[in-house]
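Participant: So I've got this file, model_19.csv, and it contains CSV, C-alpha atoms:
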chain,number,residue,atom,x,y,z
R,1,MET,CA,11.6,-14.5,1.7
R,2,ILE,CA,9.6,-11.3,1.3
R,3,GLN,CA,11.8,-8.5,-0.2
R,4,GLY,CA,11.1,-4.9,-0.9
R,5,SER,CA,8.7,-2.3,0.6
R,6,ILE,CA,6.5,-3.7,3.3
R,7,VAL,CA,4.1,-1.0,4.4
R,8,ALA,CA,3.1,-0.7,8.1
R,9,LEU,CA,-0.4,0.2,7.2
R,10,VAL,CA,-2.4,2.8,9.2
R,11,THR,CA,-5.8,1.8,10.6
R,12,PRO,CA,-8.3,4.3,9.3
R,13,MET,CA,-10.9,5.4,11.8
R,14,ASN,CA,-14.3,7.1,11.7
R,15,ASN,CA,-15.1,10.2,13.7
R,16,ASP,CA,-16.4,8.1,16.6
R,17,GLY,CA,-13.2,6.1,16.7
R,18,SER,CA,-14.6,2.9,15.1
R,19,ILE,CA,-12.7,1.2,12.3
R,20,ASP,CA,-13.4,2.7,8.8
R,21,GLU,CA,-13.7,-0.5,6.8
R,22,CYS,CA,-14.5,1.3,3.6
R,23,SER,CA,-11.3,3.3,3.7
R,24,LEU,CA,-9.3,0.2,4.8
R,25,GLU,CA,-10.4,-1.7,1.6
R,26,LYS,CA,-9.5,1.3,-0.5
R,27,LEU,CA,-6.1,1.5,1.1
R,28,VAL,CA,-5.4,-2.2,0.2
R,29,GLU,CA,-6.3,-1.5,-3.4
R,30,PHE,CA,-4.2,1.6,-3.5
R,31,HIS,CA,-1.1,-0.2,-2.2
R,32,ILE,CA,-1.5,-3.2,-4.6
R,33,ALA,CA,-1.9,-0.8,-7.5
R,34,GLN,CA,1.2,1.3,-6.4
R,35,GLY,CA,3.5,-1.7,-6.2
R,36,THR,CA,3.7,-2.3,-2.4
R,37,ASP,CA,5.4,-5.7,-1.8
R,38,ALA,CA,3.6,-6.6,1.4
R,39,LEU,CA,1.5,-5.1,4.2
R,40,VAL,CA,1.8,-5.1,8.0
R,41,ALA,CA,-1.6,-5.1,9.7
R,42,VAL,CA,-1.9,-3.5,13.1
R,43,GLY,CA,1.7,-2.7,13.8
R,44,THR,CA,2.6,0.5,15.7
R,45,THR,CA,1.6,2.6,12.7
R,46,GLY,CA,-1.8,0.8,12.8
R,47,GLU,CA,-2.3,2.0,16.4
R,48,SER,CA,-2.2,-1.5,17.9
R,49,ALA,CA,-1.7,0.0,21.3
R,50,THR,CA,-5.3,1.4,21.4
R,51,LEU,CA,-7.2,-1.4,19.6
R,52,ASN,CA,-8.8,-4.1,21.8
R,53,THR,CA,-8.2,-7.7,21.0
R,54,ASN,CA,-11.4,-8.1,19.0
R,55,GLU,CA,-10.7,-5.0,16.9
R,56,HIS,CA,-7.1,-6.2,16.4
R,57,CYS,CA,-8.2,-9.5,15.0
R,58,GLU,CA,-11.0,-7.9,12.9
R,59,VAL,CA,-8.6,-5.5,11.2
R,60,ILE,CA,-6.2,-8.4,10.4
R,61,ARG,CA,-9.2,-10.4,9.1
R,62,SER,CA,-10.3,-7.6,6.9
R,63,ILE,CA,-6.9,-6.9,5.4
R,64,VAL,CA,-6.4,-10.6,4.6
R,65,ASN,CA,-9.8,-10.7,3.0
R,66,TYR,CA,-9.3,-7.5,0.9
R,67,VAL,CA,-5.8,-8.6,-0.2
R,68,ASP,CA,-7.1,-12.0,-1.2
R,69,GLY,CA,-3.7,-13.5,-1.7
R,70,ARG,CA,-2.3,-10.9,-4.1
R,71,ILE,CA,0.5,-9.8,-1.8
R,72,PRO,CA,1.7,-11.1,1.6
R,73,VAL,CA,0.1,-9.9,4.8
R,74,ILE,CA,2.1,-9.8,8.1
R,75,ALA,CA,0.2,-9.3,11.3
R,76,GLY,CA,1.6,-7.3,14.2
R,77,THR,CA,1.0,-9.6,17.2
R,78,GLY,CA,3.7,-8.5,19.7
R,79,SER,CA,3.1,-7.7,23.4
R,80,ASN,CA,5.0,-7.2,26.6
R,81,SER,CA,3.1,-10.2,27.9
R,82,THR,CA,4.3,-13.5,26.4
R,83,SER,CA,1.0,-15.2,27.0
R,84,GLU,CA,-0.9,-12.4,25.2
R,85,ALA,CA,1.6,-12.4,22.3
R,86,ILE,CA,1.0,-16.2,21.9
R,87,ILE,CA,-2.8,-15.7,21.9
R,88,LEU,CA,-2.6,-12.9,19.3
R,89,THR,CA,-0.2,-14.9,17.1
R,90,GLU,CA,-2.3,-18.0,17.2
R,91,LYS,CA,-5.4,-16.0,16.3
R,92,ALA,CA,-3.6,-14.3,13.4
R,93,SER,CA,-2.3,-17.6,12.1
R,94,LYS,CA,-5.9,-18.9,12.0
R,95,LEU,CA,-7.0,-15.8,10.0
R,96,GLY,CA,-4.6,-16.7,7.2
R,97,VAL,CA,-1.7,-14.2,7.5
R,98,ASP,CA,1.6,-15.0,5.9
R,99,GLY,CA,3.7,-14.2,9.0
R,100,CYS,CA,3.7,-12.2,12.2
R,101,LEU,CA,5.8,-9.3,13.4
R,102,LEU,CA,6.7,-9.4,17.1
R,103,VAL,CA,8.0,-6.3,18.9
R,104,THR,CA,10.3,-6.7,21.8
R,105,PRO,CA,8.5,-6.6,25.1
R,106,TYR,CA,8.1,-2.9,26.1
R,107,TYR,CA,8.2,-1.3,29.5
R,108,ASN,CA,9.2,-4.4,31.6
R,109,LYS,CA,12.8,-4.4,30.2
R,110,PRO,CA,13.6,-8.1,29.9
R,111,THR,CA,17.2,-9.4,29.9
R,112,GLN,CA,18.6,-11.0,26.7
R,113,GLN,CA,17.8,-14.4,28.2
R,114,GLY,CA,14.2,-13.2,28.8
R,115,LEU,CA,13.9,-12.1,25.2
R,116,TYR,CA,15.2,-15.4,23.9
R,117,LEU,CA,12.7,-17.3,26.0
R,118,HIS,CA,9.8,-15.0,25.1
R,119,TYR,CA,10.3,-15.5,21.4
R,120,LYS,CA,11.0,-19.2,21.7
R,121,ALA,CA,7.8,-19.7,23.6
R,122,ILE,CA,5.8,-17.9,20.8
R,123,ALA,CA,7.7,-19.9,18.1
R,124,ASP,CA,7.0,-23.1,19.8
R,125,ALA,CA,3.3,-22.3,20.0
R,126,VAL,CA,2.8,-21.7,16.2
R,127,ASP,CA,4.0,-22.9,12.8
R,128,ILE,CA,3.7,-19.6,11.1
R,129,PRO,CA,6.8,-17.6,10.0
R,130,LEU,CA,7.8,-15.0,12.6
R,131,ILE,CA,9.7,-11.7,12.3
R,132,LEU,CA,11.4,-10.2,15.3
R,133,TYR,CA,11.1,-6.4,15.8
R,134,ASN,CA,13.8,-4.5,17.6
R,135,VAL,CA,12.9,-0.8,18.2
R,136,PRO,CA,14.6,0.3,21.5
R,137,GLY,CA,13.5,3.9,20.9
R,138,ARG,CA,10.0,2.9,21.7
R,139,THR,CA,10.4,-0.1,23.9
R,140,ALA,CA,13.5,0.8,26.1
R,141,CYS,CA,14.7,-2.7,25.2
R,142,ASP,CA,17.5,-3.5,22.7
R,143,MET,CA,17.8,-7.0,21.4
R,144,PHE,CA,21.5,-7.7,20.7
R,145,PRO,CA,22.6,-9.3,17.5
R,146,GLU,CA,23.9,-12.3,19.4
R,147,THR,CA,20.4,-12.9,20.7
R,148,ILE,CA,18.9,-12.5,17.3
R,149,ALA,CA,21.5,-15.1,16.1
R,150,LEU,CA,20.3,-17.6,18.7
R,151,LEU,CA,16.7,-17.0,17.7
R,152,ALA,CA,17.5,-17.4,14.0
R,153,LYS,CA,18.3,-21.1,14.7
R,154,ILE,CA,14.6,-21.6,15.4
R,155,ASN,CA,13.0,-22.8,12.2
R,156,ASN,CA,10.0,-20.4,12.0
R,157,ILE,CA,11.9,-17.3,13.1
R,158,ILE,CA,12.8,-16.1,9.7
R,159,GLY,CA,13.8,-12.4,10.0
R,160,VAL,CA,14.2,-9.2,12.0
R,161,LYS,CA,13.0,-5.7,11.7
R,162,GLU,CA,15.9,-3.7,12.9
R,163,ALA,CA,14.9,-0.1,13.9
R,164,THR,CA,17.9,1.1,15.8
R,165,GLY,CA,19.1,3.1,12.8
R,166,ASP,CA,22.6,1.6,13.2
R,167,LEU,CA,23.7,0.5,9.8
R,168,ASN,CA,26.6,-1.5,11.2
R,169,ARG,CA,24.0,-4.0,12.5
R,170,VAL,CA,23.2,-5.1,9.0
R,171,LYS,CA,26.6,-6.7,8.5
R,172,ILE,CA,26.8,-8.0,12.0
R,173,ILE,CA,23.4,-9.7,11.8
R,174,ARG,CA,24.1,-11.1,8.4
R,175,ASP,CA,27.4,-12.5,9.4
R,176,LEU,CA,25.8,-14.1,12.5
R,177,CYS,CA,22.6,-15.4,10.9
R,178,GLY,CA,23.5,-16.1,7.3
R,179,ASP,CA,21.9,-15.2,3.9
R,180,GLU,CA,18.6,-17.0,4.4
R,181,PHE,CA,17.7,-14.8,7.4
R,182,ALA,CA,15.7,-11.7,6.3
R,183,ILE,CA,16.9,-8.3,7.7
R,184,TYR,CA,14.5,-5.4,7.3
R,185,SER,CA,15.0,-1.7,8.1
R,186,GLY,CA,12.6,-0.2,10.6
R,187,ASP,CA,14.0,3.3,10.1
R,188,ASP,CA,12.8,5.1,7.0
R,189,GLY,CA,15.6,7.7,7.0
R,190,SER,CA,18.3,5.1,6.7
R,191,SER,CA,16.4,2.4,4.8
R,192,CYS,CA,18.1,3.1,1.5
R,193,GLU,CA,21.6,2.8,2.9
R,194,PHE,CA,20.4,-0.2,5.0
R,195,CYS,CA,19.4,-2.1,1.8
R,196,LEU,CA,22.5,-1.0,-0.1
R,197,ALA,CA,24.4,-2.6,2.8
R,198,GLY,CA,22.7,-5.9,2.4
R,199,GLY,CA,19.2,-5.6,3.9
R,200,ASN,CA,16.2,-7.3,2.3
R,201,GLY,CA,13.8,-4.5,2.5
R,202,THR,CA,12.0,-2.0,4.7
R,203,ILE,CA,9.0,-2.0,6.9
R,204,THR,CA,8.0,1.5,6.3
R,205,VAL,CA,5.8,4.4,7.4
R,206,THR,CA,6.8,6.6,4.5
R,207,GLY,CA,5.4,3.9,2.2
R,208,ASN,CA,1.9,4.8,3.3
R,209,VAL,CA,2.2,8.2,1.6
R,210,ALA,CA,4.6,7.4,-1.3
R,211,PRO,CA,4.3,3.6,-1.9
R,212,CYS,CA,5.5,3.6,-5.5
R,213,LEU,CA,8.6,5.7,-4.8
R,214,VAL,CA,9.5,3.6,-1.7
R,215,HIS,CA,9.1,0.4,-3.6
R,216,LYS,CA,11.3,1.6,-6.5
R,217,MET,CA,13.9,3.0,-4.2
R,218,ILE,CA,14.2,-0.2,-2.1
R,219,MET,CA,14.3,-2.5,-5.1
R,220,ALA,CA,17.1,-0.4,-6.7
R,221,ALA,CA,19.0,-0.6,-3.4
R,222,ILE,CA,18.6,-4.3,-3.1
R,223,ASP,CA,19.8,-4.6,-6.7
R,224,ASP,CA,22.8,-2.5,-5.7
R,225,ASN,CA,21.9,0.3,-8.1
R,226,ARG,CA,23.2,3.0,-5.8
R,227,GLU,CA,22.8,6.0,-8.1
R,228,ALA,CA,19.1,5.2,-8.8
R,229,ALA,CA,18.3,4.3,-5.2
R,230,LEU,CA,19.9,7.5,-3.8
R,231,ALA,CA,18.2,9.7,-6.4
R,232,ILE,CA,14.8,8.4,-5.4
R,233,ASP,CA,15.6,8.6,-1.7
R,234,ALA,CA,16.5,12.3,-2.1
R,235,LYS,CA,12.9,12.9,-3.1
R,236,LEU,CA,11.7,11.1,0.0
R,237,THR,CA,14.0,12.8,2.5
R,238,GLY,CA,11.4,15.3,3.7
R,239,LEU,CA,8.8,12.6,4.3
R,240,HIS,CA,11.3,10.4,6.2
R,241,LYS,CA,11.8,13.4,8.6
R,242,GLN,CA,8.5,15.2,8.7
R,243,LEU,CA,6.3,12.1,9.1
R,244,PHE,CA,7.9,11.8,12.5
R,245,ILE,CA,7.6,15.5,13.5
R,246,GLN,CA,5.0,14.3,16.0
R,247,SER,CA,4.4,10.7,17.3
R,248,ASN,CA,3.7,8.2,14.5
R,249,PRO,CA,1.0,7.8,13.1
R,250,ILE,CA,-0.2,11.4,13.7
R,251,PRO,CA,1.6,13.0,10.8
R,252,VAL,CA,1.2,10.1,8.3
R,253,LYS,CA,-2.6,10.1,8.9
R,254,TRP,CA,-2.8,13.8,8.3
R,255,ALA,CA,-0.8,13.4,5.1
R,256,MET,CA,-3.1,10.6,3.9
R,257,THR,CA,-6.1,12.8,4.7
R,258,LYS,CA,-4.5,15.5,2.5
R,259,MET,CA,-4.3,12.9,-0.3
R,260,GLY,CA,-8.0,12.0,0.1
R,261,LEU,CA,-7.2,8.4,1.2
R,262,ILE,CA,-8.6,8.4,4.7
R,263,GLY,CA,-10.0,10.6,7.4
R,264,GLY,CA,-7.3,11.7,9.9
R,265,ASN,CA,-8.8,10.4,13.1
R,266,VAL,CA,-6.6,8.9,15.8
R,267,ARG,CA,-7.4,7.5,19.1
R,268,LEU,CA,-6.5,9.0,22.5
R,269,PRO,CA,-3.9,9.4,23.9
R,270,LEU,CA,-2.8,10.4,20.4
R,271,THR,CA,-4.2,13.7,19.1
R,272,PRO,CA,-4.5,15.2,15.5
R,273,LEU,CA,-1.5,16.9,14.0
R,274,THR,CA,-1.2,20.4,15.3
R,275,GLU,CA,-1.6,23.3,12.8
R,276,ASP,CA,2.0,24.5,13.2
R,277,CYS,CA,3.2,21.3,11.5
R,278,PHE,CA,0.9,21.4,8.5
R,279,GLU,CA,3.2,23.5,6.3
R,280,VAL,CA,6.4,21.3,6.7
R,281,VAL,CA,4.5,18.0,6.2
R,282,GLU,CA,2.8,19.4,3.1
R,283,LYS,CA,6.2,20.7,1.7
R,284,ALA,CA,7.6,17.2,2.1
R,285,MET,CA,4.7,15.7,0.3
R,286,ARG,CA,5.2,18.1,-2.6
R,287,GLN,CA,8.9,17.3,-2.7
R,288,ALA,CA,7.9,13.6,-3.2
R,289,ASP,CA,5.2,14.6,-5.8
R,290,VAL,CA,2.4,12.9,-3.9
R,291,ILE,CA,0.3,16.1,-4.0
What is this file in structure tokens?
Facilitator:
Amino acid sequence: MIQGSIVALVTPMNNDGSIDECSLEKLVEFHIAQGTDALVAVGTTGESATLNTNEHCEVIRSIVNYVDGRIPVIAGTGSNSTSEAIILTEKASKLGVDGCLLVTPYYNKPTQQGLYLHYKAIADAVDIPLILYNVPGRTACDMFPETIALLAKINNIIGVKEATGDLNRVKIIRDLCGDEFAIYSGDDGSSCEFCLAGGNGTITVTGNVAPCLVHKMIMAAIDDNREAALAIDAKLTGLHKQLFIQSNPIPVKWAMTKMGLIGGNVRLPLTPLTEDCFEVVEKAMRQADVI
């Protein structure tokens, strides 16, 4: 089981919108040096919604190659089309990832039975470990703990990224699914309390900007060192809030540009961070001592 800080990596882009491979390689080295426990390639933060299938696979391939086995790589391969999710997951498996992260189908609002059958079909098609991803704020689809429990009985469904922000779900899912099932926070603002309540880690946006602090905070929380975890989290509070002042990954890309890690380019329909937000994001970065 992967534990700790799993960073949902941004996809750096050149001015023309193409993938910036040089910055991508530098980001991988940055995260390994800073103690990041695993990386998610091409999740929501990686702008999966605007990458075509070839680009999606090439970014995954590049990250796997740059990491070279030093930390686990999880590929975002979810879709609101079951057949497309199967294809992407099969491709990622062949590229050598350690697992796949599968968001609930968005827009078409499946029933709980539809969700079960969607994930079962993907799990039946591959042997690779799969992590469910429940984020109703983006998908308009909430996967209930009882559905997660049914899916946890499938051998290669090994965990869930729970992004409702509801801390009660940690205990509910743990009681239903057992200790071997991984439960990850998908909400940076509550990730510390989430792991203090029994979560196994976080799949984080904040970790793009403050990877060392997020790693230390999450590991302290997993070890039930409440005082240390909360003290570190207090430094991250501003980032947890201001990195979502506009749609993710707009603010986090701006912040990483400020740090000299990447250029801040995003693809339409996303647009660069507006100037009226610069000051509050920079203040949060200073609070976390990343600039």
Participant: In Å to one decimal, how far is atom CA of R:Glu25 from atom CA of R:Asn200?
Facilitator: 27.2 Å
Participant: Counting only C-alpha atoms, find residues at most 9 Å from (10.9, -8.8, -0.1) (file frame) and give them as a PyMOL selection string.
Facilitator: chain R and resi 1-6+37-38+182+184+200-202+219
Participant: Suppose you want the space between atom CA of R:Leu39 and atom CA of R:Leu9; what is it in Å?
Facilitator: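 We find that atom CA of R:Leu39 and atom CA of R:Leu9 lie 6.4 Å from each other.
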Participant: Taking only C-alpha atoms into account, which of R:Thr147, R:Ser48, R:Gln242, R:Asn156 comes nearest R:Val205?
Facilitator: R:Gln242
Participant: Leaving out R:Pro136 and any residue of its chain fewer than 3 positions from it, which residues lie within 9 Å of it when counting all atoms listed in the file, given as JSON, numbers by chain?
Facilitator: {"R": [104, 106, 139, 140, 141, 142, 143, 163, 164]}
Participant: Neighbours of R:Asp20 within 12 Å (all atoms listed in the file; same-chain residues fewer than 3 positions away dropped), as a ChimeraX atom specification?
Facilitator: /R:10-17,23-27,55,58-59,62,261-266
Participant: For the selection just defined, write its residues with C-alpha atoms to a file, as a PDB file, in the frame of the given file.
Facilitator:
ATOM      1  CA  VAL R  10      -2.400   2.800   9.200  1.00  0.00           C
ATOM      2  CA  THR R  11      -5.800   1.800  10.600  1.00  0.00           C
ATOM      3  CA  PRO R  12      -8.300   4.300   9.300  1.00  0.00           C
ATOM      4  CA  MET R  13     -10.900   5.400  11.800  1.00  0.00           C
ATOM      5  CA  ASN R  14     -14.300   7.100  11.700  1.00  0.00           C
ATOM      6  CA  ASN R  15     -15.100  10.200  13.700  1.00  0.00           C
ATOM      7  CA  ASP R  16     -16.400   8.100  16.600  1.00  0.00           C
ATOM      8  CA  GLY R  17     -13.200   6.100  16.700  1.00  0.00           C
ATOM      9  CA  SER R  23     -11.300   3.300   3.700  1.00  0.00           C
ATOM     10  CA  LEU R  24      -9.300   0.200   4.800  1.00  0.00           C
ATOM     11  CA  GLU R  25     -10.400  -1.700   1.600  1.00  0.00           C
ATOM     12  CA  LYS R  26      -9.500   1.300  -0.500  1.00  0.00           C
ATOM     13  CA  LEU R  27      -6.100   1.500   1.100  1.00  0.00           C
ATOM     14  CA  GLU R  55     -10.700  -5.000  16.900  1.00  0.00           C
ATOM     15  CA  GLU R  58     -11.000  -7.900  12.900  1.00  0.00           C
ATOM     16  CA  VAL R  59      -8.600  -5.500  11.200  1.00  0.00           C
ATOM     17  CA  SER R  62     -10.300  -7.600   6.900  1.00  0.00           C
ATOM     18  CA  LEU R 261      -7.200   8.400   1.200  1.00  0.00           C
ATOM     19  CA  ILE R 262      -8.600   8.400   4.700  1.00  0.00           C
ATOM     20  CA  GLY R 263     -10.000  10.600   7.400  1.00  0.00           C
ATOM     21  CA  GLY R 264      -7.300  11.700   9.900  1.00  0.00           C
ATOM     22  CA  ASN R 265      -8.800  10.400  13.100  1.00  0.00           C
ATOM     23  CA  VAL R 266      -6.600   8.900  15.800  1.00  0.00           C
TER      24      VAL R 266
END
Participant: Hey, which bits of stretch 140-246 of chain R sit within 12 Å of stretch 109-122 of chain R, and for each residue what's the closest pair of atoms and how far apart in Å (one decimal), counting all atoms listed in the file, rows by chain and increasing number, as JSON lines?
Facilitator:
{"residue": "R:Ala140", "atom": "CA", "partner": "R:Lys109", "partner_atom": "CA", "distance": 6.7}
{"residue": "R:Cys141", "atom": "CA", "partner": "R:Lys109", "partner_atom": "CA", "distance": 5.6}
{"residue": "R:Asp142", "atom": "CA", "partner": "R:Gln112", "partner_atom": "CA", "distance": 8.6}
{"residue": "R:Met143", "atom": "CA", "partner": "R:Gln112", "partner_atom": "CA", "distance": 6.7}
{"residue": "R:Phe144", "atom": "CA", "partner": "R:Gln112", "partner_atom": "CA", "distance": 7.4}
{"residue": "R:Pro145", "atom": "CA", "partner": "R:Gln112", "partner_atom": "CA", "distance": 10.2}
{"residue": "R:Glu146", "atom": "CA", "partner": "R:Gln112", "partner_atom": "CA", "distance": 9.1}
{"residue": "R:Thr147", "atom": "CA", "partner": "R:Gln112", "partner_atom": "CA", "distance": 6.5}
{"residue": "R:Ile148", "atom": "CA", "partner": "R:Tyr116", "partner_atom": "CA", "distance": 8.1}
{"residue": "R:Ala149", "atom": "CA", "partner": "R:Tyr116", "partner_atom": "CA", "distance": 10.0}
{"residue": "R:Leu150", "atom": "CA", "partner": "R:Tyr116", "partner_atom": "CA", "distance": 7.6}
{"residue": "R:Leu151", "atom": "CA", "partner": "R:Tyr116", "partner_atom": "CA", "distance": 6.6}
{"residue": "R:Ala152", "atom": "CA", "partner": "R:Lys120", "partner_atom": "CA", "distance": 10.2}
{"residue": "R:Lys153", "atom": "CA", "partner": "R:Lys120", "partner_atom": "CA", "distance": 10.3}
{"residue": "R:Ile154", "atom": "CA", "partner": "R:Lys120", "partner_atom": "CA", "distance": 7.6}
{"residue": "R:Asn155", "atom": "CA", "partner": "R:Lys120", "partner_atom": "CA", "distance": 10.4}
{"residue": "R:Asn156", "atom": "CA", "partner": "R:Lys120", "partner_atom": "CA", "distance": 9.8}
{"residue": "R:Ile157", "atom": "CA", "partner": "R:Tyr119", "partner_atom": "CA", "distance": 8.6}
{"residue": "R:Ile158", "atom": "CA", "partner": "R:Tyr119", "partner_atom": "CA", "distance": 12.0}
{"residue": "R:Val160", "atom": "CA", "partner": "R:Tyr119", "partner_atom": "CA", "distance": 12.0}
Participant: As a PyMOL selection string, please: the residues near R:Ala92 (cut-off 8 Å, only C-alpha atoms, same-chain neighbours under 6 positions excluded).
Facilitator: chain R and resi 57+60+75+77+100
Participant: Write out the residues from the selection above, keeping C-alpha atoms, as a PDB file, keeping the file's coordinate frame.
Facilitator:
ATOM      1  CA  CYS R  57      -8.200  -9.500  15.000  1.00  0.00           C
ATOM      2  CA  ILE R  60      -6.200  -8.400  10.400  1.00  0.00           C
ATOM      3  CA  ALA R  75       0.200  -9.300  11.300  1.00  0.00           C
ATOM      4  CA  THR R  77       1.000  -9.600  17.200  1.00  0.00           C
ATOM      5  CA  CYS R 100       3.700 -12.200  12.200  1.00  0.00           C
TER       6      CYS R 100
END
Participant: Quick check, in Å to one decimal: how far apart do atom CA of R:Gly78 and atom CA of R:Leu132 lie?
Facilitator: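 Atom CA of R:Gly78 sits 9.0 Å away from atom CA of R:Leu132.
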Participant: For each of R:Gly165, R:Pro249, R:Gly159, R:Gly189, take the minimum atom-to-atom distance to R:Gly137, counting only C-alpha atoms, then give the residue where this is smallest.
Facilitator: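 Distance minimum relative to R:Gly137 lands on R:Gly165.
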Participant: Skipping near chain neighbours, those fewer than 2 positions away, what residues fall within 7 Å of R:Ile218 using only C-alpha atoms, listed as a PDB file with C-alpha atoms, in the frame of the given file?
Facilitator:
ATOM      1  CA  GLY R   4      11.100  -4.900  -0.900  1.00  0.00           C
ATOM      2  CA  SER R   5       8.700  -2.300   0.600  1.00  0.00           C
ATOM      3  CA  CYS R 192      18.100   3.100   1.500  1.00  0.00           C
ATOM      4  CA  CYS R 195      19.400  -2.100   1.800  1.00  0.00           C
ATOM      5  CA  GLY R 201      13.800  -4.500   2.500  1.00  0.00           C
ATOM      6  CA  VAL R 214       9.500   3.600  -1.700  1.00  0.00           C
ATOM      7  CA  HIS R 215       9.100   0.400  -3.600  1.00  0.00           C
ATOM      8  CA  LYS R 216      11.300   1.600  -6.500  1.00  0.00           C
ATOM      9  CA  ALA R 220      17.100  -0.400  -6.700  1.00  0.00           C
ATOM     10  CA  ALA R 221      19.000  -0.600  -3.400  1.00  0.00           C
ATOM     11  CA  ILE R 222      18.600  -4.300  -3.100  1.00  0.00           C
ATOM     12  CA  ALA R 229      18.300   4.300  -5.200  1.00  0.00           C
TER      13      ALA R 229
END
Participant: Neighbours of R:Leu167 within 10 Å (only C-alpha atoms; same-chain residues fewer than 3 positions away dropped), as an mmCIF file with C-alpha atoms, in the frame of the given file?
Facilitator:
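After the write, around-v6.cif holds the following:
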data_model
loop_
_atom_site.group_PDB
_atom_site.id
_atom_site.type_symbol
_atom_site.label_atom_id
_atom_site.label_comp_id
_atom_site.auth_asym_id
_atom_site.auth_seq_id
_atom_site.Cartn_x
_atom_site.Cartn_y
_atom_site.Cartn_z
ATOM 1 C CA GLU R 162 15.900 -3.700 12.900
ATOM 2 C CA ALA R 163 14.900 -0.100 13.900
ATOM 3 C CA THR R 164 17.900 1.100 15.800
ATOM 4 C CA VAL R 170 23.200 -5.100 9.000
ATOM 5 C CA LYS R 171 26.600 -6.700 8.500
ATOM 6 C CA ILE R 172 26.800 -8.000 12.000
ATOM 7 C CA SER R 185 15.000 -1.700 8.100
ATOM 8 C CA SER R 190 18.300 5.100 6.700
ATOM 9 C CA SER R 191 16.400 2.400 4.800
ATOM 10 C CA GLU R 193 21.600 2.800 2.900
ATOM 11 C CA PHE R 194 20.400 -0.200 5.000
ATOM 12 C CA CYS R 195 19.400 -2.100 1.800
ATOM 13 C CA ALA R 197 24.400 -2.600 2.800
ATOM 14 C CA GLY R 198 22.700 -5.900 2.400
ATOM 15 C CA GLY R 199 19.200 -5.600 3.900
#
Participant: For R:Gly238, which residue out of R:Ile183, R:Glu275, R:Asp223, R:Gln287 is the nearest one, using all atoms listed in the file?
Facilitator: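 Nearest to R:Gly238: R:Gln287.
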